[in-house]
$ cat input29.txt   # compact mmCIF, C-alpha atoms
# COMPACT_ATOMS: atom_id res chain seq x y z
CA MET A 1 62.73 18.22 100.45
CA THR A 2 65.30 16.42 98.39
CA SER A 3 65.97 12.74 98.38
CA ARG A 4 69.49 13.34 99.62
CA SER A 5 70.44 10.59 102.03
CA MET A 6 72.32 11.19 105.23
CA PRO A 7 75.95 10.21 104.81
CA ASP A 8 77.22 7.43 107.03
CA ALA A 9 79.13 8.99 109.90
CA SER A 10 81.67 6.19 109.71
CA TYR A 11 83.31 7.75 106.63
CA VAL A 12 83.95 11.47 106.51
CA SER A 13 86.12 13.09 103.85
CA HIS A 14 87.52 16.48 104.84
CA ALA A 15 88.97 17.08 101.37
CA ASP A 16 85.83 17.70 99.31
CA LEU A 17 86.24 21.48 99.08
CA GLY A 18 84.70 22.47 95.72
CA GLY A 19 82.22 25.34 96.02
CA ARG A 20 82.68 25.83 99.76
CA GLY A 21 83.17 29.31 101.19
CA GLY A 22 85.20 30.90 103.93
CA PHE A 23 88.76 30.02 102.93
CA GLY A 24 89.80 33.51 101.84
CA PRO A 25 91.79 34.62 98.80
CA VAL A 26 94.28 32.59 96.78
CA VAL A 27 97.82 33.70 97.65
CA PRO A 28 100.37 32.71 94.99
CA GLU A 29 104.03 32.75 96.07
CA PRO A 30 106.39 34.31 93.50
CA ASN A 31 109.22 31.99 92.40
CA GLU A 32 108.06 29.35 94.87
CA PRO A 33 110.57 26.60 95.72
CA VAL A 34 109.54 22.97 95.06
CA PHE A 35 109.83 22.21 98.80
CA HIS A 36 109.74 24.64 101.72
CA ALA A 37 111.74 22.58 104.24
CA SER A 38 114.11 19.63 104.12
CA TRP A 39 111.62 17.41 105.99
CA GLU A 40 109.05 18.01 103.23
CA ARG A 41 111.47 16.50 100.70
CA ARG A 42 112.02 13.41 102.83
CA ALA A 43 108.29 12.98 103.62
CA PHE A 44 107.49 13.25 99.91
CA ALA A 45 110.15 10.70 98.91
CA LEU A 46 109.28 8.32 101.77
CA THR A 47 105.66 8.30 100.60
CA LEU A 48 106.64 7.50 97.00
CA ALA A 49 109.15 4.85 98.05
CA MET A 50 106.69 3.13 100.38
CA GLY A 51 103.97 3.34 97.70
CA ALA A 52 106.35 1.42 95.44
CA THR A 53 106.43 -1.51 97.89
CA GLY A 54 102.90 -2.39 96.74
CA SER A 55 101.54 -2.45 100.28
CA TRP A 56 98.57 -0.23 99.37
CA ASN A 57 97.20 1.42 96.24
CA LEU A 58 96.82 5.07 95.22
CA ASP A 59 93.11 5.16 96.08
CA ARG A 60 93.65 3.78 99.56
CA GLY A 61 96.35 6.41 100.03
CA ARG A 62 93.91 9.18 99.05
CA ALA A 63 91.21 7.75 101.32
CA THR A 64 93.65 7.74 104.23
CA ARG A 65 94.60 11.38 103.67
CA GLU A 66 91.09 12.76 103.21
CA THR A 67 89.80 11.09 106.39
CA LEU A 68 92.49 12.45 108.72
CA PRO A 69 90.38 14.17 111.41
CA ASN A 70 92.68 17.23 111.45
CA TYR A 71 93.06 17.41 107.63
CA GLY A 72 92.01 21.06 107.58
CA GLU A 73 94.65 22.13 110.09
CA LEU A 74 97.62 20.35 108.55
CA THR A 75 99.94 21.59 105.81
CA TYR A 76 100.15 19.53 102.63
CA TYR A 77 103.17 17.44 103.56
CA GLU A 78 101.99 17.08 107.17
CA ILE A 79 98.94 15.38 105.63
CA TRP A 80 101.23 13.10 103.59
CA LEU A 81 103.29 12.27 106.67
CA ALA A 82 100.31 11.52 108.94
CA ALA A 83 98.69 9.36 106.24
CA LEU A 84 101.93 7.46 105.63
CA GLU A 85 102.25 6.63 109.34
CA LYS A 86 98.62 5.53 109.43
CA LEU A 87 98.99 3.31 106.33
CA LEU A 88 102.15 1.71 107.71
CA ILE A 89 100.36 0.76 110.92
CA ALA A 90 97.15 -0.36 109.19
CA SER A 91 99.19 -2.53 106.81
CA GLY A 92 101.05 -4.17 109.67
CA LEU A 93 104.43 -2.92 108.46
CA VAL A 94 105.27 -1.01 111.66
CA ARG A 95 103.82 -0.62 115.17
CA GLU A 96 102.99 2.60 117.05
CA ALA A 97 105.75 1.80 119.49
CA GLU A 98 108.26 1.65 116.65
CA LEU A 99 107.14 5.05 115.33
CA ALA A 100 107.55 6.46 118.83
CA ALA A 101 110.95 4.80 119.30
CA GLY A 102 112.19 5.79 115.84
CA ARG A 103 113.74 2.37 115.37
CA ALA A 104 112.73 -1.19 114.52
CA LEU A 105 111.60 -3.33 117.47
CA ASP A 106 110.24 -6.26 115.43
CA PRO A 107 111.46 -8.08 112.34
CA PRO A 108 110.09 -6.68 109.04
CA ALA A 109 106.81 -7.82 107.53
CA PRO A 110 106.93 -9.17 103.97
CA ILE A 111 106.60 -6.61 101.17
CA ARG A 112 106.45 -7.11 97.40
CA GLY A 113 109.65 -5.24 96.65
CA VAL A 114 111.97 -2.39 97.52
CA LEU A 115 112.42 0.52 95.10
CA THR A 116 116.16 0.89 94.52
CA ALA A 117 117.84 4.11 93.41
CA ALA A 118 118.63 2.53 90.05
CA GLN A 119 114.97 1.66 89.47
CA VAL A 120 113.59 5.15 90.16
CA PRO A 121 113.84 6.71 86.66
CA ALA A 122 112.14 3.76 84.95
CA ALA A 123 109.48 3.46 87.67
CA LEU A 124 108.57 7.16 87.37
CA ALA A 125 108.59 7.06 83.56
CA ALA A 126 106.26 4.05 83.56
CA GLY A 127 103.86 5.33 86.22
CA SER A 128 100.73 3.31 86.95
CA PRO A 129 98.21 3.62 84.11
CA THR A 130 94.63 3.01 85.28
CA THR A 131 93.11 2.01 81.92
CA ARG A 132 91.70 -1.52 81.83
CA THR A 133 89.74 -3.61 79.36
CA LEU A 134 86.02 -4.02 79.95
CA ALA A 135 83.72 -6.46 78.17
CA SER A 136 80.61 -4.28 78.59
CA LEU A 137 79.90 -1.27 76.39
CA PRO A 138 79.52 2.25 77.80
CA LYS A 139 75.97 2.90 78.99
CA PHE A 140 76.04 6.58 78.01
CA ALA A 141 76.74 8.29 74.68
CA VAL A 142 78.40 11.61 73.95
CA GLY A 143 75.80 14.37 74.15
CA GLN A 144 73.53 12.46 76.52
CA ARG A 145 72.13 14.21 79.62
CA VAL A 146 72.97 12.56 82.93
CA ARG A 147 72.31 13.31 86.58
CA ALA A 148 75.09 12.86 89.14
CA ARG A 149 73.86 10.72 92.00
CA TRP A 150 72.70 12.39 95.21
CA GLU A 151 73.64 9.55 97.53
CA GLU A 152 76.93 10.08 99.26
CA PRO A 153 78.52 6.66 99.75
CA ALA A 154 80.01 5.77 103.13
CA HIS A 155 83.45 5.19 101.62
CA HIS A 156 86.07 6.86 99.43
CA THR A 157 84.58 8.26 96.23
CA ARG A 158 85.59 10.77 93.55
CA LEU A 159 82.33 12.52 92.79
CA PRO A 160 82.61 16.01 94.29
CA GLY A 161 79.78 17.07 96.60
CA TYR A 162 79.01 20.23 94.62
CA LEU A 163 77.96 18.15 91.62
CA ARG A 164 75.66 15.73 93.47
CA GLY A 165 72.14 15.77 92.05
CA ARG A 166 73.15 18.08 89.20
CA ILE A 167 72.42 17.47 85.52
CA GLY A 168 75.26 17.55 83.03
CA VAL A 169 76.10 16.35 79.53
CA ILE A 170 78.48 13.58 78.54
CA GLU A 171 81.26 15.26 76.59
CA ARG A 172 83.73 12.43 76.15
CA ILE A 173 84.00 8.73 76.87
CA VAL A 174 87.43 8.58 78.48
CA GLY A 175 87.74 4.80 78.63
CA ALA A 176 87.50 2.00 81.17
CA HIS A 177 89.43 2.88 84.32
CA VAL A 178 90.09 1.40 87.77
CA PHE A 179 87.15 2.35 90.02
CA PRO A 180 88.48 4.18 93.11
CA ASP A 181 85.39 3.42 95.21
CA SER A 182 86.21 -0.30 95.04
CA ASN A 183 89.99 -0.10 94.82
CA ALA A 184 90.31 2.11 97.91
CA ARG A 185 88.45 -0.48 99.99
CA GLY A 186 90.53 -3.44 98.85
CA LEU A 187 87.64 -4.79 96.76
CA GLY A 188 89.68 -5.04 93.59
CA GLU A 189 90.06 -2.70 90.64
CA ASP A 190 86.47 -3.22 89.42
CA PRO A 191 87.01 -1.18 86.21
CA GLN A 192 84.14 1.05 85.08
CA TRP A 193 83.54 3.37 82.15
CA LEU A 194 84.80 6.87 82.81
CA TYR A 195 83.25 9.97 81.22
CA THR A 196 83.97 13.68 81.09
CA VAL A 197 80.71 15.32 82.14
CA VAL A 198 80.19 19.04 81.71
CA PHE A 199 77.85 21.17 83.84
CA GLU A 200 76.63 24.77 83.59
CA ALA A 201 77.80 26.61 86.73
CA ARG A 202 74.45 28.40 87.02
CA ASP A 203 72.73 25.00 87.28
CA ILE A 204 74.95 24.17 90.25
CA TRP A 205 74.81 27.37 92.33
CA ALA A 206 72.12 29.61 90.84
CA ASP A 207 74.80 32.33 90.69
CA ARG A 208 74.69 34.81 87.81
CA VAL A 209 77.71 33.19 86.19
CA SER A 210 78.19 31.80 82.71
CA HIS A 211 81.13 29.42 83.01
CA ARG A 212 81.05 25.64 82.72
CA VAL A 213 82.64 23.05 84.97
CA SER A 214 83.50 19.46 84.13
CA CYS A 215 84.56 16.45 86.12
CA ASP A 216 85.58 12.94 85.18
CA ALA A 217 82.87 10.61 86.48
CA TRP A 218 82.70 6.82 86.56
CA GLU A 219 79.51 5.23 85.24
CA PRO A 220 78.16 4.22 88.70
CA TYR A 221 78.11 7.94 89.64
CA LEU A 222 75.59 8.71 86.88
CA ASP A 223 71.94 8.11 85.99
CA PRO A 224 70.19 9.02 82.73
CA ALA A 225 68.40 12.38 83.01
CA MET B 1 106.52 38.00 115.19
CA ASP B 2 107.29 38.06 118.90
CA PRO B 3 110.19 35.90 120.15
CA ALA B 4 107.94 33.45 122.05
CA ALA B 5 105.79 32.78 119.00
CA HIS B 6 108.93 32.39 116.93
CA ALA B 7 110.39 29.90 119.42
CA GLU B 8 107.14 27.96 119.43
CA GLU B 9 107.09 27.79 115.65
CA HIS B 10 110.72 26.71 115.67
CA SER B 11 110.12 23.88 118.14
CA GLU B 12 107.12 22.73 116.09
CA LEU B 13 109.30 22.53 112.99
CA SER B 14 111.88 20.55 114.94
CA GLU B 15 109.15 18.18 116.03
CA VAL B 16 108.05 17.35 112.49
CA GLU B 17 111.67 17.20 111.37
CA ARG B 18 112.35 14.71 114.17
CA ARG B 19 109.30 12.66 113.23
CA VAL B 20 110.35 12.36 109.57
CA ARG B 21 113.93 11.40 110.49
CA ALA B 22 112.67 8.76 112.93
CA LEU B 23 110.39 7.36 110.24
CA GLU B 24 113.18 7.20 107.67
CA THR B 25 115.46 5.42 110.15
CA LEU B 26 112.74 2.95 111.05
CA LEU B 27 111.81 2.14 107.45
CA THR B 28 115.48 1.77 106.50
CA GLN B 29 116.13 -0.62 109.41
CA LYS B 30 113.10 -2.64 108.35
CA GLY B 31 114.52 -2.89 104.84
CA TYR B 32 111.40 -1.38 103.25
CA ILE B 33 113.25 1.50 101.57
CA ASP B 34 116.56 2.24 99.92
CA PRO B 35 117.62 5.69 101.27
CA ALA B 36 119.54 6.31 98.04
CA ALA B 37 116.24 5.99 96.16
CA LEU B 38 114.86 8.86 98.25
CA ASP B 39 117.73 11.07 97.09
CA VAL B 40 117.03 10.21 93.45
CA LEU B 41 113.29 10.87 93.87
CA ILE B 42 113.96 14.27 95.43
CA ASP B 43 116.57 15.25 92.86
CA THR B 44 114.21 14.23 90.04
CA TYR B 45 111.42 16.57 91.15
CA GLN B 46 113.74 19.38 92.25
CA THR B 47 115.94 19.56 89.18
CA LYS B 48 114.65 17.37 86.30
CA ILE B 49 110.86 17.38 86.17
CA GLY B 50 109.19 20.79 86.19
CA PRO B 51 107.22 23.33 84.14
CA ARG B 52 110.01 23.65 81.55
CA ASN B 53 108.81 20.25 80.29
CA GLY B 54 105.29 21.49 79.70
CA ALA B 55 106.66 24.66 78.12
CA ARG B 56 108.48 22.57 75.51
CA VAL B 57 105.21 20.83 74.64
CA VAL B 58 103.38 24.16 74.30
CA ALA B 59 106.13 25.73 72.20
CA ARG B 60 106.16 22.72 69.88
CA ALA B 61 102.38 23.00 69.51
CA TRP B 62 102.76 26.69 68.64
CA VAL B 63 105.27 26.09 65.83
CA ASP B 64 104.08 22.76 64.48
CA ALA B 65 100.43 22.51 63.44
CA THR B 66 100.53 18.76 62.88
CA TYR B 67 102.06 18.22 66.35
CA ARG B 68 99.33 20.43 67.80
CA ARG B 69 96.71 18.27 66.12
CA ARG B 70 98.27 15.07 67.51
CA LEU B 71 98.56 16.68 70.97
CA LEU B 72 94.88 17.62 71.07
CA GLU B 73 93.86 14.20 69.75
CA ASP B 74 96.03 12.06 72.06
CA GLY B 75 97.93 14.07 74.66
CA THR B 76 99.63 11.05 76.23
CA ALA B 77 101.16 9.89 72.93
CA ALA B 78 102.14 13.41 71.87
CA ILE B 79 104.01 14.26 75.08
CA ALA B 80 105.77 10.88 74.89
CA GLU B 81 107.19 12.01 71.52
CA LEU B 82 109.12 14.65 73.50
CA GLY B 83 110.15 12.12 76.14
CA PHE B 84 107.54 12.91 78.81
CA SER B 85 105.46 10.19 80.46
CA GLY B 86 104.67 8.39 83.66
CA ARG B 87 103.72 9.03 87.21
CA GLN B 88 100.77 11.43 87.59
CA GLY B 89 100.75 11.91 83.83
CA GLU B 90 99.72 8.46 82.65
CA HIS B 91 96.65 9.85 80.84
CA VAL B 92 97.13 13.38 79.51
CA VAL B 93 94.58 15.60 77.81
CA ALA B 94 95.68 18.92 76.27
CA LEU B 95 93.20 21.81 76.30
CA ALA B 96 93.69 24.56 73.71
CA ASN B 97 92.69 28.08 74.67
CA GLY B 98 91.24 30.16 71.86
CA PRO B 99 90.09 33.71 71.28
CA ASN B 100 86.75 32.90 72.94
CA LEU B 101 87.69 30.04 75.27
CA HIS B 102 89.84 29.94 78.42
CA HIS B 103 90.54 26.71 80.31
CA ILE B 104 91.40 26.44 84.02
CA VAL B 105 92.44 23.24 85.80
CA VAL B 106 91.85 22.30 89.46
CA CYS B 107 91.56 19.25 91.68
CA THR B 108 88.87 20.04 94.25
CA LEU B 109 89.26 16.64 95.97
CA CYS B 110 93.04 16.55 96.46
CA SER B 111 95.95 17.83 94.37
CA CYS B 112 95.93 15.99 91.02
CA TYR B 113 98.37 17.72 88.68
CA PRO B 114 100.35 16.69 85.55
CA TRP B 115 103.69 15.94 87.24
CA PRO B 116 105.72 14.90 84.14
CA LEU B 117 104.86 18.23 82.48
CA LEU B 118 104.66 20.70 85.37
CA GLY B 119 106.48 19.00 88.25
CA LEU B 120 104.97 19.09 91.74
CA PRO B 121 102.10 21.53 92.28
CA PRO B 122 102.62 24.89 94.02
CA VAL B 123 101.14 25.41 97.48
CA TRP B 124 98.29 27.60 96.22
CA TYR B 125 97.11 24.88 93.82
CA LYS B 126 96.80 22.43 96.75
CA SER B 127 95.24 24.98 99.09
CA ALA B 128 91.62 25.28 100.24
CA PRO B 129 91.07 28.79 98.79
CA TYR B 130 91.89 27.72 95.22
CA ARG B 131 90.22 24.31 95.37
CA SER B 132 87.01 25.67 96.90
CA ARG B 133 86.55 28.83 94.84
CA VAL B 134 87.82 28.33 91.31
CA VAL B 135 84.90 26.06 90.34
CA ARG B 136 82.34 28.60 91.54
CA ASP B 137 84.00 31.96 90.85
CA PRO B 138 86.80 31.46 88.30
CA ARG B 139 86.84 35.13 87.25
CA GLY B 140 87.28 36.21 90.87
CA VAL B 141 90.17 33.77 91.31
CA LEU B 142 91.76 34.91 88.03
CA ALA B 143 91.62 38.48 89.34
CA GLU B 144 93.73 37.37 92.33
CA PHE B 145 96.34 36.24 89.81
CA GLY B 146 96.08 39.60 88.05
CA VAL B 147 94.45 37.99 85.02
CA THR B 148 91.39 39.44 83.30
CA VAL B 149 89.60 37.40 80.67
CA PRO B 150 87.16 39.31 78.43
CA ALA B 151 83.51 38.92 79.44
CA THR B 152 82.79 37.44 76.02
CA THR B 153 85.33 34.65 76.55
CA GLU B 154 83.85 31.37 77.76
CA ILE B 155 85.54 29.98 80.86
CA ARG B 156 85.76 26.24 81.30
CA VAL B 157 86.95 24.78 84.62
CA TRP B 158 88.26 21.21 84.61
CA ASP B 159 88.00 19.38 87.95
CA SER B 160 90.61 16.57 87.80
CA THR B 161 88.60 13.93 89.63
CA ALA B 162 90.09 10.84 87.93
CA GLU B 163 93.56 9.85 86.62
CA VAL B 164 93.31 12.14 83.58
CA ARG B 165 95.76 15.03 83.87
CA TYR B 166 95.05 18.27 82.02
CA LEU B 167 97.52 20.65 80.36
CA VAL B 168 96.32 24.03 79.12
CA ILE B 169 97.80 25.15 75.80
CA PRO B 170 97.66 28.95 76.01
CA GLU B 171 97.36 31.12 72.93
CA ARG B 172 100.62 32.13 71.30
CA PRO B 173 101.34 35.77 72.21
CA ALA B 174 101.21 38.44 69.53
CA GLY B 175 104.50 39.65 68.13
CA THR B 176 106.26 36.27 68.38
CA GLU B 177 106.19 35.36 64.69
CA ALA B 178 109.99 35.63 64.39
CA LEU B 179 110.78 33.55 67.51
CA GLY B 180 112.04 29.99 67.39
CA GLU B 181 110.80 27.11 69.55
CA GLU B 182 113.30 27.64 72.36
CA SER B 183 112.60 31.37 72.67
CA LEU B 184 108.88 30.65 72.63
CA ALA B 185 109.21 28.08 75.44
CA ALA B 186 110.73 30.82 77.63
CA LEU B 187 107.42 32.71 77.38
CA VAL B 188 105.35 29.80 78.70
CA THR B 189 104.81 30.17 82.45
CA ARG B 190 103.65 27.38 84.73
CA ASP B 191 100.45 29.28 85.53
CA SER B 192 99.63 29.71 81.83
CA MET B 193 99.56 25.89 81.58
CA ILE B 194 97.16 25.64 84.57
CA GLY B 195 94.97 28.46 83.25
CA THR B 196 95.60 30.94 86.07
CA GLY B 197 98.08 32.91 83.97
CA LEU B 198 98.90 33.98 80.45
CA PRO B 199 102.16 33.54 78.53
CA LEU B 200 104.69 36.35 78.81
CA ALA B 201 105.06 39.06 76.21
CA PRO B 202 108.12 38.49 73.96
CA ASN B 203 110.18 41.14 75.79
CA ARG B 204 109.76 39.40 79.18
CA ALA B 205 111.08 35.86 78.70
CA LEU B 206 111.86 33.55 81.63
CA GLY B 207 115.48 32.87 82.51
CA PRO B 208 117.03 29.41 82.07
CA ASP B 209 116.04 28.53 85.66
CA GLY B 210 112.41 29.20 84.82
CA THR B 211 112.09 32.35 86.92
CA LEU B 212 111.54 35.96 85.93
CA ALA B 213 114.43 38.36 86.40
CA PRO B 214 113.54 41.05 88.97

$ encode --input "input29.txt" --output "structure tokens"
Amino acid sequence: MTSRSMPDASYVSHADLGGRGGFGPVVPEPNEPVFHASWERRAFALTLAMGATGSWNLDRGRATRETLPNYGELTYYEIWLAALEKLLIASGLVREAELAAGRALDPPAPIRGVLTAAQVPAALAAGSPTTRTLASLPKFAVGQRVRARWEEPAHHTRLPGYLRGRIGVIERIVGAHVFPDSNARGLGEDPQWLYTVVFEARDIWADRVSHRVSCDAWEPYLDPA
Amino acid sequence: MDPAAHAEEHSELSEVERRVRALETLLTQKGYIDPAALDVLIDTYQTKIGPRNGARVVARAWVDATYRRRLLEDGTAAIAELGFSGRQGEHVVALANGPNLHHIVVCTLCSCYPWPLLGLPPVWYKSAPYRSRVVRDPRGVLAEFGVTVPATTEIRVWDSTAEVRYLVIPERPAGTEALGEESLAALVTRDSMIGTGLPLAPNRALGPDGTLAP
């Protein structure tokens, strides 16, 4: 038996797909358009514009999408739309009844700012870098062997399930970055050292394959091995 | 498709269309959004930011060895030299393919993708089949794209789990010694910068709109 702990049923991500089977072949679409329907364009832009109001952060947005109970049945922009509605309600910016009515029933809640058309180019060009300064030094060195933690936390995290418990090698120290596990829960940015860790595929699946897979892992995801 | 199924699909589309319009009206009435900003956002990703950006970076790296060195050392700074930066490309790492090394990029947890260089990701990149399988069976997935990589070539799959965005720099095709930077950029397909494709041969360049002539 392994020491793998049972995940808390209160947080279930439906988006952790790496290594899973049963989804069929990849079907590329020749000369694919950027959007497939006009509503997709609007849902995309609404999500970016509301993100710019500062009412939630990127990690909370991802957590909201991956925990939608019907994630697997929705198309990509249906996921964006459902998550946007959920975030708006959870943040107190709109009520269910207003979504149903399609119009405002209450006065607006305060937001940090509205993204204007004139501000869009500069806002996109600036983006939101996640590098931060950190007083501590990185715990791991390039070339060091590390084991990705087994325990699946009961909250948003960015360590894929297929790498849990596996041993890899630190390839690069990326820098100190905002820690999604904390940021998604409103616990602050809590910056941590981020590493590129490389794994042999045959150590992950015992397949007769020779390729290597890497992920970017924050220090709390790793133990010395 | 039978007419009933078609009607059902149609009404479902109308439903989501209605939902998005209602949401836009509501958020506009609340004063949370500027509808004109939505138009600019859409226009940006439909007409300004797309794989032609990444192709310019790759072509520059093919013709300019010192740029290539800077690109591999600090991708973010090197793409900024060509005017590319920002949202979903704040931290860029360029991965050079070689005769014995082939890189492939994925985001198994969501859909992380280098927007300033490649635009918004295609449906297949965001789909469960690609995200689930490419980490475990990259050669099988490459076969579905019609790409065969020699058995002696090492395959490296990059799972974009943090805010680092990866750009594959494919190998410059043979027979392109006489081509200038602009002609070279027309050989660089989107998929060749993800790792699920290879650049075009010099007689099959992309048109100005970034698509292949039939």

$ interface_residues --input "input29.txt" --of "chain A" --to "chain B" --cutoff "7 Å" --atoms "all atoms listed in the file" --output "PyMOL selection string"
chain A and resi 15-21+23-28+31+34+39+41+43+45-46+49-50+99+102-104+107-108+114-117+120+124-129+158+160+201+211-216

$ residues_around --input "input29.txt" --residues "Arg56 (chain B)" --least-positions-apart "2" --cutoff "10 Å" --atoms "only C-alpha atoms" --output "PyMOL selection string"
chain B and resi 51-54+58-62+79+82+117+181-182+184-186+188

$ atom_distance --input "input29.txt" --atom1 "CA of Tyr221 (chain A)" --atom2 "CA of Gly168 (chain A)"
12.0 Å

$ residues_near_point --input "input29.txt" --point "(85.2, -0.9, 77.7)" --cutoff "10 Å" --atoms "only C-alpha atoms" --output "PyMOL selection string"
chain A and resi 131-138+173-177+191-194

$ build_atoms --input "input29.txt" --residues "region 119-137 of chain B" --atoms "N, CA and C atoms" --output "mmCIF file, in the coordinates of the input"
data_model
loop_
_atom_site.group_PDB
_atom_site.id
_atom_site.type_symbol
_atom_site.label_atom_id
_atom_site.label_comp_id
_atom_site.auth_asym_id
_atom_site.auth_seq_id
_atom_site.Cartn_x
_atom_site.Cartn_y
_atom_site.Cartn_z
ATOM 1 N N GLY B 119 105.822 19.269 86.974
ATOM 2 C CA GLY B 119 106.480 19.000 88.250
ATOM 3 C C GLY B 119 105.451 18.901 89.370
ATOM 4 N N LEU B 120 105.886 19.156 90.600
ATOM 5 C CA LEU B 120 104.970 19.090 91.740
ATOM 6 C C LEU B 120 104.185 20.396 91.839
ATOM 7 N N PRO B 121 102.936 20.324 92.277
ATOM 8 C CA PRO B 121 102.100 21.530 92.280
ATOM 9 C C PRO B 121 102.545 22.554 93.322
ATOM 10 N N PRO B 122 102.322 23.847 93.021
ATOM 11 C CA PRO B 122 102.620 24.890 94.020
ATOM 12 C C PRO B 122 101.618 24.811 95.174
ATOM 13 N N VAL B 123 101.983 25.458 96.279
ATOM 14 C CA VAL B 123 101.140 25.410 97.480
ATOM 15 C C VAL B 123 99.728 25.931 97.194
ATOM 16 N N TRP B 124 99.630 27.033 96.433
ATOM 17 C CA TRP B 124 98.290 27.600 96.220
ATOM 18 C C TRP B 124 97.361 26.639 95.488
ATOM 19 N N TYR B 125 97.939 25.818 94.588
ATOM 20 C CA TYR B 125 97.110 24.880 93.820
ATOM 21 C C TYR B 125 96.495 23.814 94.739
ATOM 22 N N LYS B 126 97.231 23.477 95.816
ATOM 23 C CA LYS B 126 96.800 22.430 96.750
ATOM 24 C C LYS B 126 95.957 23.002 97.894
ATOM 25 N N SER B 127 95.826 24.324 97.923
ATOM 26 C CA SER B 127 95.240 24.980 99.090
ATOM 27 C C SER B 127 93.713 25.061 99.000
ATOM 28 N N ALA B 128 93.083 25.188 100.175
ATOM 29 C CA ALA B 128 91.620 25.280 100.240
ATOM 30 C C ALA B 128 91.055 26.474 99.469
ATOM 31 N N PRO B 129 91.673 27.678 99.528
ATOM 32 C CA PRO B 129 91.070 28.790 98.790
ATOM 33 C C PRO B 129 90.924 28.511 97.289
ATOM 34 N N TYR B 130 91.973 27.986 96.658
ATOM 35 C CA TYR B 130 91.890 27.720 95.220
ATOM 36 C C TYR B 130 90.907 26.591 94.928
ATOM 37 N N ARG B 131 91.058 25.484 95.644
ATOM 38 C CA ARG B 131 90.220 24.310 95.370
ATOM 39 C C ARG B 131 88.732 24.598 95.616
ATOM 40 N N SER B 132 88.419 25.419 96.598
ATOM 41 C CA SER B 132 87.010 25.670 96.900
ATOM 42 C C SER B 132 86.396 26.675 95.924
ATOM 43 N N ARG B 133 87.170 27.701 95.540
ATOM 44 C CA ARG B 133 86.550 28.830 94.840
ATOM 45 C C ARG B 133 86.617 28.796 93.326
ATOM 46 N N VAL B 134 87.643 28.147 92.757
ATOM 47 C CA VAL B 134 87.820 28.330 91.310
ATOM 48 C C VAL B 134 86.676 27.684 90.516
ATOM 49 N N VAL B 135 86.020 26.666 91.064
ATOM 50 C CA VAL B 135 84.900 26.060 90.340
ATOM 51 C C VAL B 135 83.672 26.973 90.346
ATOM 52 N N ARG B 136 83.533 27.763 91.423
ATOM 53 C CA ARG B 136 82.340 28.600 91.540
ATOM 54 C C ARG B 136 82.550 30.020 91.012
ATOM 55 N N ASP B 137 83.730 30.566 91.224
ATOM 56 C CA ASP B 137 84.000 31.960 90.850
ATOM 57 C C ASP B 137 85.356 32.063 90.142
#
